[in-house]
file model19.txt (compact mmCIF, C-alpha atoms)
# COMPACT_ATOMS: atom_id res chain seq x y z
CA MET A 9 -94.04 122.41 98.54
CA LYS A 10 -91.61 125.10 99.63
CA VAL A 11 -94.24 126.51 101.93
CA LEU A 12 -94.71 123.08 103.50
CA VAL A 13 -90.95 122.66 103.96
CA GLY A 14 -90.77 126.18 105.41
CA ILE A 15 -93.54 125.40 107.87
CA ILE A 16 -91.96 122.07 108.92
CA PHE A 17 -88.53 123.58 109.49
CA GLY A 18 -90.02 126.65 111.12
CA VAL A 19 -91.89 124.46 113.57
CA LEU A 20 -88.78 122.33 114.20
CA THR A 21 -86.64 125.40 114.84
CA ALA A 22 -89.25 126.88 117.11
CA LEU A 23 -89.46 123.56 119.01
CA ALA A 24 -85.67 123.46 119.38
CA VAL A 25 -85.62 127.04 120.69
CA ALA A 26 -88.56 126.38 123.00
CA GLY A 27 -86.95 123.15 124.29
CA GLY A 28 -83.68 125.01 124.84
CA VAL A 29 -85.42 127.81 126.70
CA TYR A 30 -87.33 125.31 128.84
CA LEU A 31 -84.15 123.37 129.73
CA TRP A 32 -82.31 126.65 130.41
CA MET A 33 -85.00 127.76 132.80
CA GLU A 34 -85.13 124.37 134.53
CA MET A 35 -81.37 124.40 134.99
CA GLY A 36 -81.60 128.01 136.15
CA GLU A 37 -84.06 127.01 138.88
CA LYS A 38 -81.83 124.12 139.91
CA TYR A 39 -78.86 126.48 139.93
CA GLU A 40 -80.75 128.87 142.22
CA ASP A 41 -81.59 126.00 144.59
CA PHE A 42 -77.98 124.82 144.68
CA PHE A 43 -76.77 128.37 145.15
CA THR A 44 -79.10 128.95 148.12
CA GLU A 45 -78.16 125.59 149.60
CA ARG A 46 -74.46 126.36 149.20
CA ARG A 47 -74.89 129.72 150.94
CA GLU A 48 -76.73 128.05 153.84
CA LEU A 49 -74.06 125.37 154.07
CA THR A 50 -71.31 127.99 154.10
CA GLU A 51 -73.03 129.81 156.96
CA GLU A 52 -73.59 126.57 158.87
CA ILE A 53 -69.95 125.57 158.40
CA ALA A 54 -68.76 128.97 159.63
CA GLY A 55 -70.90 128.52 162.77
CA LEU A 56 -69.60 125.00 163.34
CA LYS A 57 -66.01 126.12 162.82
CA SER A 58 -66.39 128.90 165.38
CA ASN A 59 -67.80 126.35 167.84
CA LEU A 60 -64.93 124.01 167.22
CA ARG A 61 -62.19 126.66 167.30
CA GLU A 62 -60.37 125.15 170.28
CA TRP A 63 -61.45 121.58 169.77
CA ASN A 64 -58.77 119.17 168.61
CA GLY A 65 -60.62 115.92 169.05
CA PRO A 66 -61.58 114.34 172.37
CA PRO A 67 -58.83 114.78 174.98
CA LYS A 68 -56.89 111.74 176.09
CA ASP A 69 -58.74 111.57 179.40
CA ALA A 70 -62.17 111.27 177.73
CA GLU A 71 -62.24 107.50 177.89
CA LYS A 72 -60.90 107.48 181.45
CA ILE A 73 -63.52 109.97 182.61
CA GLY A 74 -66.24 107.98 180.88
CA ARG A 75 -65.13 104.82 182.70
CA LYS A 76 -64.88 106.67 186.03
CA LEU A 77 -68.33 108.18 185.60
CA ASP A 78 -69.83 104.80 184.70
CA SER A 79 -68.28 103.14 187.71
CA LEU A 80 -69.39 106.04 189.95
CA LYS A 81 -72.93 105.72 188.63
CA ASP A 82 -72.90 101.94 189.15
CA THR A 83 -71.74 102.40 192.73
CA LEU A 84 -74.34 105.07 193.40
CA ARG A 85 -77.08 102.95 191.81
CA ALA A 86 -76.15 100.06 194.09
CA LEU A 87 -76.17 102.40 197.09
CA GLU A 88 -79.53 103.87 196.13
CA SER A 89 -81.16 100.44 196.20
CA ARG A 90 -80.43 100.13 199.93
CA VAL A 91 -80.30 103.75 201.00
CA ASP A 92 -82.65 103.25 203.96
CA THR A 93 -80.53 100.51 205.53
CA LEU A 94 -77.29 102.35 204.76
CA LEU A 95 -78.47 105.41 206.65
CA THR A 96 -78.47 103.40 209.85
CA THR A 97 -75.62 100.95 209.13
CA PRO A 98 -72.69 103.25 209.95
CA TYR A 99 -74.13 103.70 213.37
CA SER A 100 -72.08 101.56 215.70
CA ILE A 101 -73.42 103.09 218.89
CA THR A 102 -75.58 100.96 221.13
CA THR A 103 -78.67 103.11 220.83
CA GLU A 104 -80.57 102.41 217.66
CA PRO A 105 -81.07 105.60 215.68
CA GLN A 106 -84.57 106.42 214.53
CA ILE A 107 -84.78 107.17 210.87
CA TYR A 108 -87.47 108.93 208.90
CA LEU A 109 -86.95 108.55 205.20
CA ALA A 110 -89.29 110.59 203.03
CA ASP A 111 -90.28 109.69 199.48
CA PRO A 112 -87.65 110.70 196.93
CA HIS A 113 -88.22 113.76 194.82
CA GLN A 114 -86.57 114.73 191.59
CA ALA A 115 -85.04 118.09 190.79
CA SER A 116 -83.03 118.84 187.64
CA SER A 117 -80.76 115.84 187.14
CA TRP A 118 -80.85 114.55 190.72
CA ARG A 119 -83.09 112.36 192.86
CA PHE A 120 -83.22 113.39 196.53
CA TYR A 121 -84.04 111.19 199.49
CA PRO A 122 -84.78 113.47 202.44
CA PHE A 123 -84.14 111.89 205.82
CA GLN A 124 -84.19 112.68 209.51
CA LEU A 125 -82.17 110.78 212.07
CA THR A 126 -82.50 110.95 215.81
CA VAL A 127 -79.47 109.77 217.75
CA GLU A 128 -78.48 110.03 221.35
CA ASP A 129 -74.84 109.78 222.32
CA GLU A 130 -71.64 111.70 222.97
CA GLN A 131 -70.85 114.43 220.49
CA ALA A 132 -67.60 112.88 219.29
CA ARG A 133 -69.30 109.61 218.47
CA VAL A 134 -72.13 111.33 216.65
CA ASP A 135 -69.52 113.29 214.70
CA SER A 136 -67.84 110.08 213.66
CA PHE A 137 -71.22 108.57 212.81
CA MET A 138 -71.93 111.48 210.47
CA ARG A 139 -68.50 111.16 208.89
CA ASN A 140 -69.03 107.45 208.31
CA LEU A 141 -72.37 108.22 206.78
CA VAL A 142 -70.77 110.58 204.28
CA ASP A 143 -68.05 108.00 203.56
CA ILE A 144 -70.65 105.38 202.75
CA LEU A 145 -73.17 107.68 201.07
CA PRO A 146 -70.87 110.28 199.49
CA LEU A 147 -73.67 112.47 198.19
CA THR A 148 -75.23 113.07 201.62
CA ARG A 149 -75.94 116.62 202.60
CA PHE A 150 -76.87 117.70 206.11
CA HIS A 151 -79.38 120.51 206.12
CA GLN A 152 -79.99 121.00 209.81
CA ILE A 153 -78.58 119.70 213.04
CA GLU A 154 -80.41 120.16 216.31
CA ALA A 155 -78.64 119.17 219.50
CA GLU A 156 -79.83 119.12 223.07
CA TRP A 157 -77.34 118.50 225.86
CA ASP A 158 -78.20 116.38 228.83
CA GLY A 159 -75.01 115.90 230.83
CA ASN A 160 -72.54 114.00 228.63
CA GLU A 161 -75.27 112.68 226.39
CA VAL A 162 -76.47 114.73 223.49
CA ASN A 163 -79.72 114.20 221.70
CA PHE A 164 -79.21 114.90 218.00
CA VAL A 165 -81.83 115.38 215.35
CA ILE A 166 -80.08 115.42 212.00
CA SER A 167 -81.97 116.31 208.84
CA GLY A 168 -80.51 116.04 205.43
CA SER A 169 -80.83 114.39 202.08
CA VAL A 170 -78.97 111.86 200.02
CA ARG A 171 -78.91 112.55 196.33
CA PHE A 172 -78.36 110.29 193.38
CA PRO A 173 -78.02 111.03 189.69
CA ALA A 174 -81.47 110.83 188.12
CA GLU A 175 -80.53 108.97 184.95
CA MET B 23 -85.52 161.55 72.11
CA ILE B 24 -84.08 158.13 72.34
CA LYS B 25 -83.97 156.32 75.75
CA VAL B 26 -81.28 153.74 76.09
CA ASP B 27 -81.65 151.10 78.83
CA LEU B 28 -78.11 150.23 79.84
CA SER B 29 -79.00 147.82 82.67
CA VAL B 30 -78.08 144.24 82.16
CA GLN B 31 -81.02 142.06 82.26
CA HIS B 32 -80.41 138.88 84.32
CA PRO B 33 -82.79 136.13 84.10
CA ARG B 34 -84.51 135.75 87.60
CA LYS B 35 -83.11 132.61 89.23
CA ARG B 36 -85.49 130.77 91.50
CA MET B 37 -84.20 128.55 94.33
CA THR B 38 -84.65 124.95 93.74
CA LEU B 39 -86.39 122.84 96.40
CA ILE B 40 -83.11 121.22 97.42
CA GLN B 41 -81.53 124.62 97.98
CA PHE B 42 -84.56 125.69 99.93
CA ILE B 43 -84.37 122.57 102.14
CA LEU B 44 -80.62 123.06 102.61
CA LEU B 45 -81.17 126.64 103.70
CA PHE B 46 -83.69 125.60 106.32
CA VAL B 47 -81.55 122.66 107.48
CA GLY B 48 -78.67 125.13 107.85
CA ILE B 49 -80.79 127.51 109.90
CA PHE B 50 -82.13 124.64 112.01
CA VAL B 51 -78.68 123.14 112.64
CA GLY B 52 -77.33 126.60 113.49
CA VAL B 53 -80.11 127.25 115.97
CA VAL B 54 -79.71 123.77 117.50
CA LEU B 55 -75.95 124.31 117.80
CA ILE B 56 -76.35 127.68 119.51
CA VAL B 57 -78.95 126.28 121.90
CA SER B 58 -76.78 123.21 122.63
CA VAL B 59 -73.69 125.30 123.37
CA ALA B 60 -75.69 127.58 125.67
CA LEU B 61 -77.19 124.57 127.45
CA LEU B 62 -73.79 122.92 127.77
CA LEU B 63 -72.33 126.05 129.38
CA LYS B 64 -75.27 126.20 131.76
CA TRP B 65 -74.93 122.50 132.55
CA ASN B 66 -71.25 122.98 133.27
CA SER B 67 -71.88 125.76 135.78
CA LEU B 68 -74.68 123.67 137.31
CA THR B 69 -72.43 120.64 137.83
CA ASN B 70 -69.71 122.90 139.28
CA ILE B 71 -72.01 124.35 141.88
CA ALA B 72 -73.46 120.88 142.60
CA ASP B 73 -69.94 119.49 143.19
CA ASN B 74 -69.13 122.45 145.39
CA ARG B 75 -72.32 121.89 147.37
CA ASN B 76 -71.52 118.19 147.83
CA GLU B 77 -68.03 119.04 149.10
CA LEU B 78 -69.52 121.50 151.58
CA LYS B 79 -72.05 118.87 152.66
CA GLY B 80 -69.21 116.47 153.39
CA LEU B 81 -67.36 119.13 155.38
CA ARG B 82 -70.53 120.05 157.27
CA ASP B 83 -71.15 116.38 158.16
CA SER B 84 -67.61 115.94 159.40
CA LEU B 85 -67.81 119.15 161.48
CA SER B 86 -71.20 118.12 162.86
CA LEU B 87 -69.68 114.83 163.92
CA GLN B 88 -66.85 116.66 165.67
CA LYS B 89 -69.34 118.96 167.36
CA ALA B 90 -71.37 115.99 168.60
CA GLU B 91 -68.13 114.48 169.92
CA MET B 92 -67.29 117.74 171.69
CA THR B 93 -70.81 118.05 173.17
CA ASP B 94 -70.65 114.47 174.42
CA TYR B 95 -67.27 115.03 176.01
CA ASN B 96 -68.32 118.32 177.62
CA SER B 97 -71.49 116.85 179.05
CA LEU B 98 -69.56 113.82 180.34
CA ARG B 99 -66.93 116.06 181.91
CA SER B 100 -69.47 118.42 183.50
CA ARG B 101 -71.54 115.51 184.88
CA TYR B 102 -68.44 113.97 186.41
CA ASN B 103 -67.31 117.31 187.84
CA GLU B 104 -70.80 117.92 189.22
CA ILE B 105 -70.86 114.61 191.10
CA VAL B 106 -67.34 115.14 192.44
CA ALA B 107 -68.24 118.70 193.51
CA VAL B 108 -71.34 117.48 195.36
CA ARG B 109 -69.26 114.83 197.10
CA ASN B 110 -66.61 117.37 198.14
CA GLU B 111 -69.27 119.81 199.29
CA SER B 112 -70.76 117.11 201.54
CA TYR B 113 -67.43 116.77 203.34
CA ILE B 114 -66.92 120.54 203.58
CA ARG B 115 -70.39 120.99 205.05
CA LEU B 116 -69.85 118.17 207.52
CA ASP B 117 -66.54 119.71 208.59
CA ASP B 118 -68.25 123.07 209.08
CA TYR B 119 -71.02 121.54 211.20
CA SER B 120 -68.56 119.59 213.33
CA GLU B 121 -66.40 122.65 213.83
CA ILE B 122 -69.37 124.83 214.81
CA LEU B 123 -70.69 122.21 217.23
CA SER B 124 -67.31 121.82 218.80
CA MET B 125 -66.72 125.60 219.00
CA LEU B 126 -70.07 126.19 220.66
CA ASN B 127 -68.97 123.77 223.38
CA THR B 128 -65.28 124.48 223.80
CA ARG B 129 -65.51 128.26 223.81
CA LEU B 130 -67.95 128.40 226.71
CA GLU B 131 -66.75 130.55 229.55
CA PRO B 132 -66.29 128.89 232.96
CA GLY B 133 -69.66 128.43 234.62
CA MET B 134 -71.54 128.54 231.30
CA ARG B 135 -73.53 125.60 229.98
CA LEU B 136 -74.86 124.87 226.53
CA ILE B 137 -78.43 123.57 226.57
CA SER B 138 -79.27 123.23 222.92
CA CYS B 139 -78.37 124.44 219.47
CA ARG B 140 -79.72 124.37 215.94
CA ILE B 141 -77.39 124.69 212.97
CA ASP B 142 -78.71 125.45 209.51
CA SER B 143 -76.80 126.22 206.34
CA ASP B 144 -76.53 129.94 207.10
CA SER B 145 -77.18 130.35 210.80
CA ALA B 146 -76.69 128.77 214.19
CA VAL B 147 -78.91 129.34 217.20
CA ALA B 148 -77.62 128.29 220.61
CA VAL B 149 -79.36 128.40 223.96
CA CYS B 150 -76.97 128.61 226.90
CA LEU B 151 -76.98 129.29 230.60
CA SER B 152 -74.53 131.77 232.06
CA PRO B 153 -73.84 133.19 235.51
CA SER B 154 -73.49 136.69 234.01
CA ASN B 155 -74.15 138.70 230.88
CA VAL B 156 -70.46 139.63 230.71
CA LYS B 157 -69.51 135.99 230.24
CA VAL B 158 -72.03 135.67 227.42
CA ALA B 159 -70.54 138.76 225.78
CA ARG B 160 -67.05 137.26 226.10
CA TYR B 161 -68.31 133.92 224.74
CA LEU B 162 -69.77 135.66 221.72
CA GLU B 163 -66.59 137.64 221.21
CA THR B 164 -64.51 134.46 221.13
CA LEU B 165 -66.95 132.80 218.77
CA SER B 166 -66.87 135.79 216.41
CA GLU B 167 -63.07 135.73 216.34
CA SER B 168 -63.27 132.57 214.27
CA GLU B 169 -63.97 132.85 210.57
CA VAL B 170 -66.69 130.25 210.81
CA LEU B 171 -69.25 132.30 212.73
CA THR B 172 -70.26 135.93 213.07
CA PHE B 173 -72.34 137.26 215.91
CA ASP B 174 -75.84 138.41 215.04
CA ARG B 175 -77.75 138.93 218.31
CA SER B 176 -78.20 137.63 221.83
CA GLU B 177 -81.50 137.64 223.67
CA PRO B 178 -81.81 136.91 227.41
CA GLN B 179 -84.67 134.48 227.97
CA GLY B 180 -85.06 134.67 231.73
CA SER B 181 -83.31 132.60 234.36
CA ARG B 182 -83.05 128.92 235.12
CA GLY B 183 -81.49 127.50 238.31
CA GLY B 184 -79.90 130.82 239.21
CA LEU B 185 -78.31 131.19 235.75
CA ILE B 186 -79.33 133.54 232.97
CA GLU B 187 -80.66 131.80 229.88
CA HIS B 188 -79.48 133.34 226.63
CA ARG B 189 -80.60 132.69 223.06
CA VAL B 190 -77.64 133.44 220.84
CA VAL B 191 -78.04 133.86 217.09
CA LEU B 192 -74.94 133.49 214.94
CA ARG B 193 -74.50 133.77 211.19
CA ILE B 194 -72.50 131.35 209.11
CA PRO B 195 -70.78 133.41 206.40

call {"tool": "encode", "arguments": {"input": "model19.txt", "output": "structure tokens"}}
result
Amino acid sequence: MKVLVGIIFGVLTALAVAGGVYLWMEMGEKYEDFFTERRELTEEIAGLKSNLREWNGPPKDAEKIGRKLDSLKDTLRALESRVDTLLTTPYSITTEPQIYLADPHQASSWRFYPFQLTVEDEQARVDSFMRNLVDILPLTRFHQIEAEWDGNEVNFVISGSVRFPAE
Amino acid sequence: MIKVDLSVQHPRKRMTLIQFILLFVGIFVGVVLIVSVALLLKWNSLTNIADNRNELKGLRDSLSLQKAEMTDYNSLRSRYNEIVAVRNESYIRLDDYSEILSMLNTRLEPGMRLISCRIDSDSAVAVCLSPSNVKVARYLETLSESEVLTFDRSEPQGSRGGLIEHRVVLRIP
């Protein structure tokens, strides 16, 4: 009988020790995982903090700039839809300018519309035409201007591009 | 010889079953207690580190949010600045072209005539007629005095209507 009791209690004790060891090891593994995760988090936080060293929340002008940018984009989008007519509209001189508008191409965050205009008039009036063009299409860039004088009249071939934000 | 056994003879006591069971229960309870205490201590350190990790997670999320806010603002600001810079550059370039065109005309020496010109972003080529090479040299000198143009070279191209045709190459700094 005593032997039987000894065996039963021996088995029970062994089970309790084995269960304890198993739980200890399981918790140890979990502890290791948490420890590694905590170390990674600490490193990530240090990186984020160094990025945000001089950041004290969005500046007061953030909303204003956002609104300005949106309105600028809306305006430019509206202009882009009629870029070909706008290129000739500011021309108030009697002679109709000839316009060659190439297909747009995209580079980085811009869409370019290359154009070539041929106009014939006095230099001052062509100057004012170009200025009006930039007033109406503010992102116009002139790449090349060729002029040929014939008395008071000047024959201008103006090449350039109008760009618009791609998005 | 007489041998005297002085040891006290005790009757050998045998443990009863109850005592035997109690001994084993005691050992079992002791072992269970030791294991439980060890597990409790381990559990405590585990919950501590888990709490610490959760706090750090919260901080990380809040910082990530701030970083996203900062990135958004910076990209907004740089996009706006980029568009404004392109717009300003358009005007500056136009002013430069107008000034160069006007200078090429107004700085001609008496008797000289401008026939044609081509202005690019970094150079200007003008073809002009002049009664003498000296006048062309003076014309180039006056053009170079401005900060807008610098003289590169001048090539005579023959004569037209009694005037010397010159091809003048100027650099735009």

call {"tool": "interface_residues", "arguments": {"input": "model19.txt", "of": "chain B", "to": "chain A", "cutoff": "6 Å", "atoms": "only C-alpha atoms", "output": "JSON, numbers by chain"}}
result
{"B": [50, 57, 68, 75, 82, 102, 109, 112, 137, 138, 139, 140, 141, 142]}

call {"tool": "axis_aligned_box", "arguments": {"input": "model19.txt", "around": "region 19-38 of chain A", "padding_each_side": "5 Å", "output": "AutoDock Vina command-line options"}}
result
--center_x -86.6 --center_y 125.2 --center_z 126.7 --size_x 20.5 --size_y 15.7 --size_z 36.3

call {"tool": "atom_distance", "arguments": {"input": "model19.txt", "atom1": "CA of Pro195 (chain B)", "atom2": "CA of Cys150 (chain B)"}}
result
21.9 Å

call {"tool": "residues_near_point", "arguments": {"input": "model19.txt", "point": "(-92.1, 110.0, 198.3)", "cutoff": "10 Å", "atoms": "all atoms listed in the file", "output": "PDB file with C-alpha atoms, in the coordinates of the input"}}
result
ATOM      1  CA  LEU A 109     -86.950 108.550 205.200  1.00  0.00           C
ATOM      2  CA  ALA A 110     -89.290 110.590 203.030  1.00  0.00           C
ATOM      3  CA  ASP A 111     -90.280 109.690 199.480  1.00  0.00           C
ATOM      4  CA  PRO A 112     -87.650 110.700 196.930  1.00  0.00           C
ATOM      5  CA  HIS A 113     -88.220 113.760 194.820  1.00  0.00           C
ATOM      6  CA  GLN A 114     -86.570 114.730 191.590  1.00  0.00           C
ATOM      7  CA  PHE A 120     -83.220 113.390 196.530  1.00  0.00           C
ATOM      8  CA  TYR A 121     -84.040 111.190 199.490  1.00  0.00           C
ATOM      9  CA  PRO A 122     -84.780 113.470 202.440  1.00  0.00           C
TER      10      PRO A 122
END

call {"tool": "closest_residue", "arguments": {"input": "model19.txt", "among": "B:Ser181, B:Ser97, B:Gln88, B:Ser168", "to": "Glu121 (chain B)", "atoms": "all atoms listed in the file"}}
result
B:Ser168

call {"tool": "residues_around", "arguments": {"input": "model19.txt", "residues": "Lys157 (chain B)", "least_positions_apart": "6", "cutoff": "10 Å", "atoms": "only C-alpha atoms", "output": "PyMOL selection string"}}
result
chain B and resi 130-134+163

call {"tool": "atom_distance", "arguments": {"input": "model19.txt", "atom1": "CA of Met92 (chain B)", "atom2": "CA of Arg75 (chain A)"}}
result
17.1 Å

call {"tool": "atom_distance", "arguments": {"input": "model19.txt", "atom1": "CA of Gly48 (chain B)", "atom2": "CA of Asn66 (chain B)"}}
result
26.6 Å

call {"tool": "closest_residue", "arguments": {"input": "model19.txt", "among": "B:Val170, B:Leu116, B:Val191, B:Met125", "to": "Asn140 (chain A)", "atoms": "only C-alpha atoms"}}
result
B:Leu116

call {"tool": "residues_around", "arguments": {"input": "model19.txt", "residues": "Glu161 (chain A)", "least_positions_apart": "4", "cutoff": "7 Å", "atoms": "only C-alpha atoms", "output": "ChimeraX atom specification"}}
result
/A:128-130,157

call {"tool": "build_atoms", "arguments": {"input": "model19.txt", "residues": "region 49-59 of chain A", "atoms": "all heavy atoms", "output": "PDB file, keeping the file's coordinate frame"}}
result
ATOM      1  N   LEU A  49     -75.118 126.270 153.592  1.00  0.00           N
ATOM      2  CA  LEU A  49     -74.060 125.370 154.070  1.00  0.00           C
ATOM      3  C   LEU A  49     -72.841 126.147 154.524  1.00  0.00           C
ATOM      4  O   LEU A  49     -72.233 125.830 155.557  1.00  0.00           O
ATOM      5  CB  LEU A  49     -73.668 124.389 152.964  1.00  0.00           C
ATOM      6  CG  LEU A  49     -74.581 123.188 152.749  1.00  0.00           C
ATOM      7  CD1 LEU A  49     -74.255 122.498 151.447  1.00  0.00           C
ATOM      8  CD2 LEU A  49     -74.441 122.202 153.898  1.00  0.00           C
ATOM      9  N   THR A  50     -72.482 127.178 153.753  1.00  0.00           N
ATOM     10  CA  THR A  50     -71.310 127.990 154.100  1.00  0.00           C
ATOM     11  C   THR A  50     -71.522 128.654 155.466  1.00  0.00           C
ATOM     12  O   THR A  50     -70.613 128.668 156.300  1.00  0.00           O
ATOM     13  CB  THR A  50     -71.066 129.064 153.015  1.00  0.00           C
ATOM     14  OG1 THR A  50     -71.129 128.439 151.759  1.00  0.00           O
ATOM     15  CG2 THR A  50     -69.730 129.743 153.185  1.00  0.00           C
ATOM     16  N   GLU A  51     -72.743 129.160 155.678  1.00  0.00           N
ATOM     17  CA  GLU A  51     -73.030 129.810 156.960  1.00  0.00           C
ATOM     18  C   GLU A  51     -72.980 128.792 158.111  1.00  0.00           C
ATOM     19  O   GLU A  51     -72.418 129.049 159.169  1.00  0.00           O
ATOM     20  CB  GLU A  51     -74.424 130.457 156.923  1.00  0.00           C
ATOM     21  CG  GLU A  51     -74.424 131.798 156.209  1.00  0.00           C
ATOM     22  CD  GLU A  51     -75.827 132.304 155.886  1.00  0.00           C
ATOM     23  OE1 GLU A  51     -76.796 131.781 156.461  1.00  0.00           O
ATOM     24  OE2 GLU A  51     -75.933 133.211 155.044  1.00  0.00           O
ATOM     25  N   GLU A  52     -73.566 127.613 157.846  1.00  0.00           N
ATOM     26  CA  GLU A  52     -73.590 126.570 158.870  1.00  0.00           C
ATOM     27  C   GLU A  52     -72.170 126.131 159.216  1.00  0.00           C
ATOM     28  O   GLU A  52     -71.828 125.945 160.400  1.00  0.00           O
ATOM     29  CB  GLU A  52     -74.395 125.380 158.330  1.00  0.00           C
ATOM     30  CG  GLU A  52     -74.865 124.431 159.429  1.00  0.00           C
ATOM     31  CD  GLU A  52     -75.639 123.242 158.870  1.00  0.00           C
ATOM     32  OE1 GLU A  52     -76.160 123.334 157.743  1.00  0.00           O
ATOM     33  OE2 GLU A  52     -75.704 122.231 159.587  1.00  0.00           O
ATOM     34  N   ILE A  53     -71.341 125.994 158.196  1.00  0.00           N
ATOM     35  CA  ILE A  53     -69.950 125.570 158.400  1.00  0.00           C
ATOM     36  C   ILE A  53     -69.188 126.620 159.207  1.00  0.00           C
ATOM     37  O   ILE A  53     -68.435 126.286 160.109  1.00  0.00           O
ATOM     38  CB  ILE A  53     -69.274 125.269 157.042  1.00  0.00           C
ATOM     39  CG1 ILE A  53     -69.794 123.931 156.522  1.00  0.00           C
ATOM     40  CG2 ILE A  53     -67.758 125.238 157.155  1.00  0.00           C
ATOM     41  CD1 ILE A  53     -69.454 123.626 155.096  1.00  0.00           C
ATOM     42  N   ALA A  54     -69.444 127.897 158.892  1.00  0.00           N
ATOM     43  CA  ALA A  54     -68.760 128.970 159.630  1.00  0.00           C
ATOM     44  C   ALA A  54     -69.140 128.902 161.110  1.00  0.00           C
ATOM     45  O   ALA A  54     -68.281 129.038 161.998  1.00  0.00           O
ATOM     46  CB  ALA A  54     -69.142 130.317 159.040  1.00  0.00           C
ATOM     47  N   GLY A  55     -70.437 128.655 161.385  1.00  0.00           N
ATOM     48  CA  GLY A  55     -70.900 128.520 162.770  1.00  0.00           C
ATOM     49  C   GLY A  55     -70.252 127.351 163.458  1.00  0.00           C
ATOM     50  O   GLY A  55     -69.788 127.463 164.606  1.00  0.00           O
ATOM     51  N   LEU A  56     -70.205 126.207 162.754  1.00  0.00           N
ATOM     52  CA  LEU A  56     -69.600 125.000 163.340  1.00  0.00           C
ATOM     53  C   LEU A  56     -68.117 125.212 163.619  1.00  0.00           C
ATOM     54  O   LEU A  56     -67.612 124.817 164.666  1.00  0.00           O
ATOM     55  CB  LEU A  56     -69.778 123.813 162.393  1.00  0.00           C
ATOM     56  CG  LEU A  56     -71.165 123.176 162.351  1.00  0.00           C
ATOM     57  CD1 LEU A  56     -71.299 122.251 161.161  1.00  0.00           C
ATOM     58  CD2 LEU A  56     -71.430 122.393 163.628  1.00  0.00           C
ATOM     59  N   LYS A  57     -67.455 125.886 162.658  1.00  0.00           N
ATOM     60  CA  LYS A  57     -66.010 126.120 162.820  1.00  0.00           C
ATOM     61  C   LYS A  57     -65.742 127.013 164.018  1.00  0.00           C
ATOM     62  O   LYS A  57     -64.770 126.804 164.747  1.00  0.00           O
ATOM     63  CB  LYS A  57     -65.431 126.753 161.553  1.00  0.00           C
ATOM     64  CG  LYS A  57     -65.046 125.709 160.515  1.00  0.00           C
ATOM     65  CD  LYS A  57     -64.367 126.344 159.335  1.00  0.00           C
ATOM     66  CE  LYS A  57     -63.917 125.280 158.348  1.00  0.00           C
ATOM     67  NZ  LYS A  57     -63.541 125.848 157.062  1.00  0.00           N
ATOM     68  N   SER A  58     -66.614 128.017 164.225  1.00  0.00           N
ATOM     69  CA  SER A  58     -66.390 128.900 165.380  1.00  0.00           C
ATOM     70  C   SER A  58     -66.640 128.148 166.681  1.00  0.00           C
ATOM     71  O   SER A  58     -65.998 128.397 167.693  1.00  0.00           O
ATOM     72  CB  SER A  58     -67.261 130.150 165.286  1.00  0.00           C
ATOM     73  OG  SER A  58     -68.573 129.849 165.662  1.00  0.00           O
ATOM     74  N   ASN A  59     -67.573 127.170 166.643  1.00  0.00           N
ATOM     75  CA  ASN A  59     -67.800 126.350 167.840  1.00  0.00           C
ATOM     76  C   ASN A  59     -66.615 125.443 168.142  1.00  0.00           C
ATOM     77  O   ASN A  59     -66.336 125.133 169.300  1.00  0.00           O
ATOM     78  CB  ASN A  59     -69.024 125.444 167.643  1.00  0.00           C
ATOM     79  CG  ASN A  59     -70.316 126.185 167.855  1.00  0.00           C
ATOM     80  OD1 ASN A  59     -70.366 127.153 168.582  1.00  0.00           O
ATOM     81  ND2 ASN A  59     -71.364 125.735 167.196  1.00  0.00           N
TER      82      ASN A  59
END
